[in-house]
file model-v5.cif (mmCIF, C-alpha atoms and all ligand atoms)
data_coords
#
loop_
_atom_site.label_atom_id
_atom_site.label_comp_id
_atom_site.auth_asym_id
_atom_site.auth_seq_id
_atom_site.Cartn_x
_atom_site.Cartn_y
_atom_site.Cartn_z
CA MET T 30 80.76 89.19 86.48
CA SER T 31 77.05 88.53 86.90
CA GLY T 32 76.04 86.20 89.73
CA GLU T 33 79.45 86.71 91.37
CA ASP T 34 79.54 86.80 95.17
CA VAL T 35 80.75 90.39 95.75
CA LEU T 36 81.55 92.01 99.08
CA ASP T 37 81.87 95.76 98.73
CA THR T 38 83.65 96.94 101.89
CA ARG T 39 84.71 100.36 100.63
CA GLY T 40 84.57 103.05 103.30
CA SER T 41 84.88 100.59 106.17
CA LEU T 42 87.84 100.74 108.50
CA CYS T 43 90.56 98.10 108.39
CA PRO T 44 90.40 95.16 109.23
CA GLN T 45 86.68 95.05 108.38
CA PRO T 46 87.23 93.81 104.80
CA ILE T 47 89.10 90.74 106.07
CA LEU T 48 86.51 90.15 108.82
CA ASP T 49 83.70 90.35 106.26
CA LEU T 50 85.51 87.95 103.94
CA ALA T 51 86.15 85.42 106.73
CA LYS T 52 82.47 85.52 107.66
CA ARG T 53 81.30 85.12 104.08
CA LEU T 54 83.65 82.19 103.43
CA SER T 55 82.28 80.43 106.50
CA GLN T 56 78.80 80.61 104.94
CA VAL T 57 79.48 79.36 101.40
CA PRO T 58 80.37 75.89 100.06
CA VAL T 59 83.94 74.84 99.25
CA GLY T 60 84.88 75.92 95.72
CA THR T 61 82.95 79.21 95.85
CA VAL T 62 84.82 82.28 94.62
CA VAL T 63 84.21 85.42 96.65
CA CYS T 64 85.13 88.85 95.33
CA VAL T 65 86.06 91.56 97.85
CA VAL T 66 86.35 95.27 97.05
CA SER T 67 88.26 97.48 99.48
CA ASP T 68 89.81 100.94 99.49
CA ASP T 69 92.32 100.14 102.23
CA ALA T 70 95.79 100.87 100.89
CA ALA T 71 97.45 97.58 101.88
CA PHE T 72 94.44 95.38 101.16
CA PRO T 73 96.12 93.35 98.36
CA PHE T 74 98.97 92.38 100.71
CA ASP T 75 96.67 91.62 103.65
CA LEU T 76 94.32 89.57 101.51
CA GLU T 77 97.10 87.45 100.05
CA ALA T 78 98.66 86.93 103.50
CA TRP T 79 95.33 86.02 105.08
CA CYS T 80 94.68 83.46 102.33
CA ALA T 81 98.16 81.94 102.76
CA GLY T 82 97.67 81.56 106.53
CA HIS T 83 94.16 80.14 106.18
CA ARG T 84 95.00 78.04 103.12
CA HIS T 85 92.31 79.47 100.88
CA GLU T 86 93.21 80.09 97.26
CA PHE T 87 94.17 83.69 96.46
CA LEU T 88 93.20 84.26 92.83
CA GLY T 89 94.65 87.75 92.56
CA CYS T 90 93.83 91.38 93.13
CA THR T 91 93.46 94.26 90.69
CA THR T 92 93.65 97.96 91.50
CA GLN T 93 91.83 100.89 89.96
CA GLY T 94 92.44 104.25 91.60
CA HIS T 95 92.02 103.66 95.35
CA ASP T 96 89.85 100.56 94.88
CA HIS T 97 91.26 97.05 95.10
CA THR T 98 89.27 94.05 93.89
CA GLY T 99 90.44 90.67 95.16
CA HIS T 100 89.20 87.15 94.40
CA VAL T 101 89.42 84.24 96.80
CA LYS T 102 88.36 80.63 96.33
CA LYS T 103 87.21 78.75 99.41
CA SER T 104 89.47 75.71 99.56
CA HIS T 105 88.25 73.84 102.65
CA GLU T 106 85.68 73.94 105.45
CA MET F 14 109.69 66.80 128.89
CA GLY F 15 109.52 67.26 125.13
CA ASN F 16 106.54 64.97 124.65
CA HIS F 17 104.50 67.08 122.24
CA SER F 18 101.15 65.50 122.68
CA SER F 19 98.37 66.73 124.90
CA PRO F 20 97.05 64.55 127.74
CA ASP F 21 94.49 63.04 125.36
CA GLY F 22 97.16 62.09 122.81
CA GLU F 23 96.49 64.70 120.09
CA ARG F 24 99.02 67.20 118.78
CA VAL F 25 99.31 70.15 121.15
CA ARG F 26 97.44 73.19 119.98
CA ALA F 27 97.98 76.73 121.23
CA VAL F 28 96.58 80.16 120.53
CA GLY F 29 99.28 82.76 119.86
CA MET F 30 98.63 86.46 120.32
CA LEU F 31 100.34 87.94 117.30
CA SER F 32 100.98 91.61 116.61
CA GLY F 33 103.47 91.26 113.79
CA GLY F 34 106.20 92.73 115.99
CA LEU F 35 109.44 90.93 116.75
CA ASP F 36 108.54 89.62 120.20
CA SER F 37 105.35 87.80 119.23
CA THR F 38 107.08 86.52 116.08
CA LEU F 39 109.86 85.03 118.20
CA ALA F 40 107.33 83.53 120.60
CA LEU F 41 105.67 81.90 117.60
CA ALA F 42 109.00 80.59 116.32
CA LEU F 43 109.76 79.08 119.75
CA MET F 44 106.40 77.31 119.74
CA ARG F 45 106.90 76.00 116.23
CA GLU F 46 110.33 74.76 117.25
CA GLN F 47 108.50 72.56 119.76
CA ASP F 48 106.07 71.40 117.06
CA ILE F 49 103.09 73.15 118.61
CA ASP F 50 100.11 73.58 116.29
CA VAL F 51 99.51 77.33 116.48
CA VAL F 52 96.45 79.37 115.60
CA GLY F 53 97.19 83.08 115.77
CA VAL F 54 94.85 85.79 117.00
CA ASN F 55 95.13 89.47 116.31
CA PHE F 56 92.80 91.92 118.00
CA SER F 57 91.19 94.86 116.32
CA THR F 58 90.68 97.53 118.98
CA GLY F 59 89.98 100.43 116.65
CA PHE F 60 93.20 102.10 117.85
CA CYS F 61 95.75 100.08 115.93
CA LEU F 62 98.30 102.28 114.16
CA THR F 63 98.51 100.26 110.96
CA ASP F 64 94.70 100.02 110.68
CA HIS F 65 94.51 103.80 111.02
CA HIS F 66 97.27 104.43 108.50
CA GLN F 67 95.52 102.22 105.95
CA LYS F 68 92.82 104.88 105.77
CA VAL F 69 94.70 108.05 106.60
CA HIS F 70 98.14 108.42 105.11
CA ARG F 71 99.84 110.88 102.84
CA GLU F 72 99.77 110.26 99.10
CA GLY F 73 102.85 108.33 98.01
CA THR F 74 103.21 106.22 101.18
CA ASP F 75 104.43 102.72 100.31
CA PRO F 76 101.34 100.51 100.89
CA LYS F 77 103.59 97.62 101.89
CA LYS F 78 104.47 99.59 105.00
CA LEU F 79 100.77 99.74 105.93
CA ARG F 80 100.10 96.01 105.83
CA ASN F 81 98.85 94.03 108.80
CA GLY F 82 102.01 92.58 110.34
CA ALA F 83 100.21 89.72 112.09
CA LEU F 84 98.76 88.47 108.79
CA LYS F 85 102.19 88.66 107.19
CA ILE F 86 103.78 86.64 109.96
CA GLY F 87 100.91 84.15 109.72
CA ALA F 88 101.62 83.74 106.01
CA ASP F 89 105.38 83.38 106.60
CA PHE F 90 104.86 80.67 109.22
CA GLU F 91 101.80 79.14 107.50
CA VAL F 92 99.73 79.82 110.56
CA PRO F 93 96.11 80.95 110.27
CA VAL F 94 95.54 84.28 111.97
CA GLU F 95 92.07 84.97 113.28
CA ILE F 96 91.26 88.67 113.53
CA ILE F 97 88.99 89.28 116.51
CA ASP F 98 87.03 92.51 116.60
CA ILE F 99 86.85 93.92 120.14
CA ALA F 100 86.45 97.55 119.11
CA ASP F 101 83.01 98.10 120.66
CA GLU F 102 83.75 96.70 124.10
CA TYR F 103 87.20 98.30 123.97
CA MET F 104 85.66 101.76 124.30
CA ASN F 105 84.80 101.10 127.95
CA VAL F 106 88.37 99.99 128.60
CA VAL F 107 89.73 103.24 127.19
CA LYS F 108 87.23 105.44 128.98
CA TYR F 109 87.23 103.72 132.37
CA PRO F 110 90.37 101.61 132.85
CA ARG F 111 90.25 99.79 136.18
CA TYR F 112 94.05 99.67 136.38
CA GLY F 113 94.51 103.21 135.08
CA TYR F 114 96.50 104.61 132.18
CA GLY F 115 100.14 104.17 131.25
CA THR F 116 102.20 107.21 130.27
CA HIS F 117 99.52 108.52 127.92
CA VAL F 118 95.95 107.34 127.28
CA ASN F 119 97.01 103.69 127.00
CA PRO F 120 95.15 101.41 129.42
CA CYS F 121 97.67 98.59 128.88
CA VAL F 122 96.79 96.31 131.80
CA ASP F 123 93.03 96.46 131.16
CA CYS F 124 93.68 96.11 127.44
CA ARG F 125 95.74 92.96 127.95
CA ILE F 126 93.13 91.51 130.30
CA LEU F 127 90.40 92.00 127.71
CA MET F 128 92.53 90.54 124.91
CA MET F 129 93.59 87.53 127.00
CA THR F 130 90.01 86.94 128.09
CA ARG F 131 88.92 86.83 124.46
CA ALA F 132 91.95 84.67 123.61
CA ARG F 133 90.93 82.23 126.38
CA GLU F 134 87.42 82.02 124.96
CA PHE F 135 88.89 81.38 121.52
CA MET F 136 91.22 78.74 122.98
CA GLU F 137 88.23 76.96 124.52
CA LYS F 138 86.25 77.23 121.30
CA ILE F 139 88.91 75.62 119.11
CA GLY F 140 90.04 73.09 121.71
CA ALA F 141 93.53 74.52 122.17
CA GLN F 142 95.47 73.83 125.38
CA PHE F 143 97.06 77.18 126.14
CA VAL F 144 97.65 80.76 125.01
CA PHE F 145 101.06 82.37 124.48
CA THR F 146 102.18 85.95 123.97
CA GLY F 147 105.39 87.80 123.14
CA GLU F 148 105.46 89.67 126.45
CA VAL F 149 108.85 90.20 128.04
CA LEU F 150 109.19 90.59 131.78
CA SER F 151 109.87 94.25 132.72
CA GLN F 152 110.15 95.40 129.11
CA ARG F 153 107.43 97.95 129.77
CA PRO F 154 107.50 99.43 133.23
CA LYS F 155 103.75 99.57 133.83
CA SER F 156 102.21 96.60 132.07
CA GLN F 157 104.95 94.00 132.02
CA HIS F 158 106.34 93.95 135.54
CA ARG F 159 105.87 90.71 137.46
CA ASP F 160 102.70 91.77 139.31
CA ALA F 161 101.04 93.09 136.14
CA LEU F 162 101.77 89.86 134.30
CA ARG F 163 100.26 87.89 137.19
CA THR F 164 97.20 90.15 137.32
CA ILE F 165 96.64 89.73 133.58
CA SER F 166 96.95 85.92 133.83
CA ILE F 167 94.47 85.72 136.69
CA GLN F 168 91.94 88.34 135.59
CA SER F 169 91.69 86.87 132.10
CA GLY F 170 90.86 83.47 133.57
CA LEU F 171 93.87 81.91 131.83
CA SER F 172 96.01 81.61 134.97
CA ASP F 173 98.79 79.12 134.29
CA ARG F 174 97.57 78.40 130.79
CA LEU F 175 99.13 81.68 129.73
CA VAL F 176 102.71 81.17 128.56
CA ARG F 177 105.27 83.91 127.90
CA PRO F 178 107.90 81.97 125.96
CA LEU F 179 110.41 84.84 125.86
CA SER F 180 110.56 85.16 129.67
CA ALA F 181 109.26 81.75 130.75
CA ARG F 182 112.41 80.70 132.57
CA LEU F 183 112.14 83.70 134.87
CA LEU F 184 108.49 83.00 135.66
CA ALA F 185 106.80 80.20 137.56
CA PRO F 186 106.35 77.07 135.40
CA THR F 187 102.99 77.16 133.62
CA TRP F 188 100.64 74.22 133.21
CA PRO F 189 101.90 73.27 129.70
CA GLU F 190 105.45 73.14 131.05
CA ARG F 191 104.51 71.10 134.11
CA ALA F 192 102.38 68.74 132.02
CA GLY F 193 105.27 68.11 129.62
CA LEU F 194 103.60 69.76 126.63
CA LEU F 195 106.38 72.33 126.47
CA ASP F 196 110.08 71.90 127.13
CA ARG F 197 110.92 74.73 129.55
CA GLU F 198 114.62 74.41 128.74
CA LYS F 199 113.93 75.52 125.18
CA LEU F 200 112.10 78.66 126.30
CA MET F 201 113.87 81.94 127.03
CA GLY F 202 114.67 84.05 130.08
CA PHE F 203 114.58 87.53 128.53
CA HIS F 204 114.13 90.48 130.82
CA GLY F 205 113.99 94.25 130.55
CA ARG F 206 114.38 96.69 127.71
CA ASP F 207 117.58 95.37 126.11
CA ARG F 208 116.56 94.09 122.67
CA ASN F 209 119.86 92.42 121.81
CA PRO F 210 118.79 88.93 123.03
CA GLN F 211 115.76 89.21 120.72
CA PHE F 212 117.91 90.26 117.76
CA GLU F 213 120.21 87.33 118.41
CA LEU F 214 117.29 84.89 118.58
CA ALA F 215 115.86 86.40 115.39
CA ARG F 216 119.18 85.67 113.67
CA ARG F 217 119.06 82.09 114.94
CA PHE F 218 115.60 81.61 113.43
CA GLY F 219 116.48 83.50 110.25
CA ILE F 220 113.81 86.13 110.91
CA GLU F 221 114.73 89.31 109.06
CA GLU F 222 111.54 91.30 108.77
CA TRP F 223 109.09 92.43 111.39
CA GLU F 224 106.91 95.40 112.20
CA GLN F 225 108.54 98.06 114.28
CA PRO F 226 105.87 99.84 116.24
CA ALA F 227 107.00 103.22 117.53
CA GLY F 228 106.31 103.19 121.26
CA GLY F 229 103.57 100.58 121.32
CA CYS F 230 101.01 98.55 119.41
CA CYS F 231 98.49 101.37 119.13
CA PHE F 232 98.17 105.11 119.01
CA LEU F 233 96.89 105.32 122.58
CA THR F 234 100.58 105.60 123.49
CA ASP F 235 100.96 108.75 121.37
CA ALA F 236 101.53 111.84 123.56
CA ASN F 237 99.85 114.25 121.11
CA TYR F 238 96.85 112.01 120.78
CA ALA F 239 96.51 111.73 124.55
CA VAL F 240 96.41 115.54 124.92
CA LYS F 241 93.39 115.67 122.58
CA VAL F 242 91.60 112.76 124.22
CA PHE F 243 92.05 114.07 127.76
CA ASP F 244 90.88 117.49 126.56
CA MET F 245 87.76 115.81 125.17
CA PHE F 246 87.18 113.89 128.41
CA GLU F 247 87.46 117.18 130.30
CA HIS F 248 84.94 119.01 128.14
CA THR F 249 82.46 116.23 127.32
CA ASP F 250 80.43 113.76 129.33
CA ARG F 251 82.71 110.73 129.06
CA ASP F 252 79.71 108.38 128.88
CA THR F 253 78.65 109.95 125.60
CA VAL F 254 82.07 109.78 123.88
CA THR F 255 81.85 107.45 120.88
CA ARG F 256 84.46 105.55 118.93
CA ASP F 257 84.20 108.07 116.08
CA ASP F 258 84.84 110.91 118.57
CA MET F 259 87.98 109.07 119.68
CA LEU F 260 89.08 108.49 116.09
CA LEU F 261 88.65 112.16 115.25
CA CYS F 262 91.20 112.99 117.94
CA LYS F 263 93.79 111.20 115.79
CA VAL F 264 93.21 113.39 112.77
CA GLY F 265 94.02 117.02 112.03
CA ARG F 266 94.93 120.06 114.10
CA HIS F 267 92.65 120.67 117.07
CA PHE F 268 91.82 124.15 118.35
CA ARG F 269 90.11 124.45 121.73
CA LEU F 270 88.18 127.73 121.41
CA ASP F 271 86.54 127.62 124.82
CA ALA F 272 84.95 125.12 127.21
CA ASN F 273 82.14 124.40 124.77
CA ALA F 274 83.67 124.56 121.32
CA LYS F 275 86.53 123.01 119.39
CA VAL F 276 87.59 123.18 115.74
CA ILE F 277 89.38 120.36 113.88
CA VAL F 278 91.24 121.14 110.64
CA GLY F 279 92.60 118.52 108.23
CA ARG F 280 96.32 118.65 107.43
CA PHE F 281 96.23 116.90 104.05
CA PRO F 282 93.52 115.70 101.65
CA GLU F 283 93.26 112.20 103.16
CA GLU F 284 92.60 113.75 106.57
CA ASP F 285 89.94 116.02 105.05
CA ALA F 286 88.26 112.93 103.60
CA PHE F 287 88.37 111.23 106.99
CA LEU F 288 86.88 114.28 108.73
CA LYS F 289 84.11 114.35 106.14
CA ASN F 290 83.31 110.65 106.62
CA PHE F 291 83.52 110.54 110.40
CA GLY F 292 82.45 114.07 111.31
CA GLY F 293 78.83 113.06 111.89
CA ALA F 294 76.51 116.03 112.46
CA ARG F 295 79.30 118.54 113.14
CA PRO F 296 79.19 121.65 110.91
CA ARG F 297 81.69 121.37 108.02
CA LEU F 298 83.54 124.44 106.81
CA SER F 299 85.66 125.02 103.72
CA ALA F 300 86.83 127.99 101.64
CA VAL F 301 84.66 128.73 98.61
CA ASP F 302 87.17 130.39 96.29
CA HIS F 303 90.45 128.77 97.36
CA LYS F 304 91.99 125.37 97.82
CA GLY F 305 92.09 124.60 101.50
CA SER F 306 91.50 122.24 104.36
CA LEU F 307 88.20 121.01 105.69
CA ALA F 308 87.30 122.16 109.20
CA LEU F 309 84.77 120.74 111.64
CA LEU F 310 83.16 122.62 114.49
CA GLU F 311 82.56 120.49 117.54
CA GLY F 312 80.36 121.48 120.47
CA GLU F 313 78.31 124.64 120.70
CA VAL F 314 77.00 125.91 117.36
CA SER F 315 76.34 129.65 117.58
CA PRO F 316 76.94 132.64 115.29
CA GLU F 317 80.07 133.38 117.31
CA THR F 318 81.58 129.87 117.22
CA LEU F 319 80.71 129.49 113.51
CA SER F 320 82.41 132.78 112.75
CA ARG F 321 85.54 131.79 114.68
CA ALA F 322 85.59 128.36 113.01
CA ALA F 323 85.22 130.07 109.62
CA ARG F 324 88.19 132.33 110.41
CA ILE F 325 90.26 129.25 111.24
CA ALA F 326 89.18 127.52 108.00
CA ALA F 327 90.15 130.74 106.17
CA ARG F 328 93.56 130.66 107.84
CA TYR F 329 94.15 127.16 106.38
CA CYS F 330 93.34 127.91 102.74
CA ALA F 331 95.30 129.41 99.85
CA GLY F 332 93.63 132.77 100.48
CA LYS F 333 95.00 133.09 104.01
CA ARG F 334 96.67 136.43 103.20
CA ASP F 335 93.50 137.99 101.76
CA ALA F 336 91.60 140.56 103.79
CA GLU F 337 88.41 138.49 103.59
CA VAL F 338 87.72 134.89 102.58
CA ARG F 339 84.36 133.33 101.77
CA VAL F 340 83.79 130.15 103.79
CA ARG F 341 80.95 127.72 103.17
CA ILE F 342 79.32 126.05 106.15
CA ASP F 343 77.34 122.84 105.73
CA HIS F 344 75.24 122.00 108.72
CA ALA F 345 72.04 120.07 109.34
CA GLY F 346 71.19 119.97 105.64
CA THR F 347 71.60 123.71 105.15
CA GLU F 348 74.37 125.73 103.58
CA GLN F 349 75.51 129.27 104.35
CA VAL F 350 78.48 131.36 103.32
CA LEU F 351 80.33 133.70 105.68
CA GLU F 352 82.86 136.28 104.57
CA VAL F 353 85.53 136.50 107.27
CA PRO F 354 89.07 137.77 107.82
CA PRO F 355 91.49 134.84 108.22
CA TYR F 356 93.07 134.57 111.65
CA GLN F 357 96.77 135.37 111.87
CA PRO F 358 98.95 132.38 112.84
CA GLU F 359 99.72 133.82 116.27
CA GLU F 360 96.01 134.30 116.99
CA CYS F 361 95.32 130.57 116.54
CA GLU F 362 98.50 129.39 118.21
CA ALA F 363 97.20 129.59 121.77
CA TRP F 364 94.22 127.35 121.00
CA ILE F 365 96.14 124.47 119.43
CA LEU F 366 96.08 121.29 121.46
CA ARG F 367 99.42 119.51 121.46
S1 LIG D 1 100.04 99.73 123.73
FE1 LIG D 1 97.84 99.79 123.17
S2 LIG D 1 97.36 97.75 122.30
FE2 LIG D 1 99.34 97.59 123.40
S3 LIG D 1 98.77 96.86 125.45
FE3 LIG D 1 98.89 99.10 125.57
S4 LIG D 1 96.80 99.83 125.16
FE4 LIG D 1 96.91 97.68 124.49
#

call {"tool": "encode", "arguments": {"input": "model-v5.cif", "output": "structure tokens"}}
result
Amino acid sequence: MSGEDVLDTRGSLCPQPILDLAKRLSQVPVGTVVCVVSDDAAFPFDLEAWCAGHRHEFLGCTTQGHDHTGHVKKSHE
Amino acid sequence: MGNHSSPDGERVRAVGMLSGGLDSTLALALMREQDIDVVGVNFSTGFCLTDHHQKVHREGTDPKKLRNGALKIGADFEVPVEIIDIADEYMNVVKYPRYGYGTHVNPCVDCRILMMTRAREFMEKIGAQFVFTGEVLSQRPKSQHRDALRTISIQSGLSDRLVRPLSARLLAPTWPERAGLLDREKLMGFHGRDRNPQFELARRFGIEEWEQPAGGCCFLTDANYAVKVFDMFEHTDRDTVTRDDMLLCKVGRHFRLDANAKVIVGRFPEEDAFLKNFGGARPRLSAVDHKGSLALLEGEVSPETLSRAARIAARYCAGKRDAEVRVRIDHAGTEQVLEVPPYQPEECEAWILR
């Protein structure tokens, strides 16, 4: 999707993808959708759990090969 | 007792150190039972088992088993879990622990002091009143006896703002208990290695799932890992050891050739990929004509060590029974091929670190 806010964290060691996402969400306005790409095996589960705990909207995660692409909507400051 | 507001009248807020294991989950449940507003913290040291397994695991492993337990518990209890990265400063703790190592290369007391110090800073930042953990008095002989718990409380600067809900009734009352923010009677008096009281409490709270770390929260408690790390400390200037050097000790078979050279061989494709990514400038060796493992040569690079490393790489490829195997060596932007006889298993055996 052009203009989408994409964080490509592939190759980084866990929990870097979640740390990067938390940082990015703190910088963008409420309502922004951030896309995170990770090749950590349990990333879809961790992303969904992190969103539930932090009350941000988890929009889903798709998997292709080893790469997972998740979308999160910032729900509050 | 039982008045759940802080001295300034707001709801009591606490920082919970969560690992995803049963003890910290129960501590969280006990706090929620007293209507404490909890923000969880989970520390990334670079040595966490689940973090490591996310990258290096055998094909076919159930990814659910690799998830971050603290995040899962946070989701179950609707508690935000802040992941705090302490990996860089943690290296000093592992290399030079003031309070020494536990059974293996685990610097548990220093580790807890660093984590609690960062938890205290986080507590101050978010305006929480205290920190709690799932520690159980005397559950671990070295890091959870009474003196160690006291040392950790004091050295972290938390002092009596550090609550251990599972053993609180056996410890001196902490500030939140004395101030009436926590009802001491509803906290536990668990002690020692018997897990039955925890299982019973888990049943009471309806907790059925938790992470079950084998021997500890991180791989510093792994005996095989410790052998490789202490070998590295013996043969390298400890000041120069990096995090990647430490991570490489977790992967593959390690062969100590002599005081100046070591060879690391991947055991499955995911380990080969890890060695390739984290091997830095070390020469990389692999068989040209056969499927096989990736090998790294660490230390002195000379015709002799390269030849020995190549013979090890040849031993771990499909051509291991051939008289000669061609092995490619990538090093410093150049490539060369050596034709070598694979070592016999018994020749390598004496060099394996385990
Ligand atoms: S087992 Fe590892 S993470 Fe746990 S206290 Fe010891 S050194 Fe720290």

call {"tool": "residues_around", "arguments": {"input": "model-v5.cif", "residues": "Gly82 (chain T)", "least_positions_apart": "3", "cutoff": "12 Å", "atoms": "all atoms listed in the file", "output": "number ranges by chain"}}
result
T: 75-79, 85-87; F: 51-54, 83-96

call {"tool": "residues_around", "arguments": {"input": "model-v5.cif", "residues": "region 45-62 of chain T", "least_positions_apart": "2", "cutoff": "6 Å", "atoms": "all atoms listed in the file", "output": "list in words"}}
result
Thr38, Leu42, Cys43, Val101, Lys102, Lys103, Ser104 and His105 of chain T

call {"tool": "residues_around", "arguments": {"input": "model-v5.cif", "residues": "Ile97 (chain F)", "least_positions_apart": "3", "cutoff": "10 Å", "atoms": "only C-alpha atoms", "output": "ChimeraX atom specification"}}
result
/T:44,48 /F:54-58,94,100,128,131-132,135

call {"tool": "closest_residue", "arguments": {"input": "model-v5.cif", "among": "F:Val350, F:Cys231, F:Ala331, F:Ile277", "to": "ligand LIG 1 (chain D)", "atoms": "only C-alpha atoms and all ligand atoms"}}
result
F:Cys231

call {"tool": "residues_near_ligand", "arguments": {"input": "model-v5.cif", "ligand": "ligand LIG 1 (chain D)", "cutoff": "10 Å", "atoms": "all atoms listed in the file", "output": "PyMOL selection string"}}
result
chain F and resi 32+56-62+103+106-107+114-128+148+153+155-157+226-235

call {"tool": "atom_distance", "arguments": {"input": "model-v5.cif", "atom1": "CA of Ile325 (chain F)", "atom2": "CA of Glu311 (chain F)"}}
result
13.3 Å

call {"tool": "closest_residue", "arguments": {"input": "model-v5.cif", "among": "F:Asn81, F:Thr63, F:Asn209, F:Ser299", "to": "Arg324 (chain F)", "atoms": "all atoms listed in the file"}}
result
F:Ser299

call {"tool": "build_atoms", "arguments": {"input": "model-v5.cif", "residues": "region 50-63 of chain T", "atoms": "N, CA, C and O atoms", "output": "tab-separated table (two decimals), in the coordinates of the input"}}
result
chain	number	residue	atom	x	y	z
T	50	LEU	N	85.17	89.08	104.81
T	50	LEU	CA	85.51	87.95	103.94
T	50	LEU	C	85.48	86.63	104.73
T	50	LEU	O	84.91	85.63	104.28
T	51	ALA	N	86.10	86.65	105.92
T	51	ALA	CA	86.15	85.42	106.73
T	51	ALA	C	84.73	84.95	107.04
T	51	ALA	O	84.42	83.75	106.95
T	52	LYS	N	83.86	85.88	107.34
T	52	LYS	CA	82.47	85.52	107.66
T	52	LYS	C	81.78	84.93	106.43
T	52	LYS	O	81.13	83.89	106.51
T	53	ARG	N	81.96	85.59	105.29
T	53	ARG	CA	81.30	85.12	104.08
T	53	ARG	C	81.80	83.72	103.69
T	53	ARG	O	81.01	82.84	103.34
T	54	LEU	N	83.11	83.51	103.80
T	54	LEU	CA	83.65	82.19	103.43
T	54	LEU	C	83.12	81.09	104.34
T	54	LEU	O	82.98	79.95	103.93
T	55	SER	N	82.80	81.46	105.58
T	55	SER	CA	82.28	80.43	106.50
T	55	SER	C	80.84	80.04	106.13
T	55	SER	O	80.33	79.04	106.58
T	56	GLN	N	80.21	80.86	105.27
T	56	GLN	CA	78.80	80.61	104.94
T	56	GLN	C	78.60	79.92	103.58
T	56	GLN	O	77.50	79.50	103.27
T	57	VAL	N	79.66	79.88	102.77
T	57	VAL	CA	79.48	79.36	101.40
T	57	VAL	C	80.16	78.00	101.24
T	57	VAL	O	81.04	77.65	102.04
T	58	PRO	N	79.75	77.21	100.24
T	58	PRO	CA	80.37	75.89	100.06
T	58	PRO	C	81.80	75.98	99.53
T	58	PRO	O	82.17	76.99	98.91
T	59	VAL	N	82.56	74.93	99.77
T	59	VAL	CA	83.94	74.84	99.25
T	59	VAL	C	83.88	74.98	97.72
T	59	VAL	O	82.98	74.45	97.07
T	60	GLY	N	84.83	75.72	97.17
T	60	GLY	CA	84.88	75.92	95.72
T	60	GLY	C	84.30	77.26	95.30
T	60	GLY	O	84.54	77.73	94.19
T	61	THR	N	83.55	77.91	96.19
T	61	THR	CA	82.95	79.21	95.85
T	61	THR	C	84.04	80.29	95.75
T	61	THR	O	84.97	80.33	96.56
T	62	VAL	N	83.89	81.14	94.74
T	62	VAL	CA	84.82	82.28	94.62
T	62	VAL	C	84.11	83.52	95.17
T	62	VAL	O	82.99	83.83	94.76
T	63	VAL	N	84.76	84.19	96.09
T	63	VAL	CA	84.21	85.42	96.65
T	63	VAL	C	85.09	86.58	96.19
T	63	VAL	O	86.32	86.48	96.20
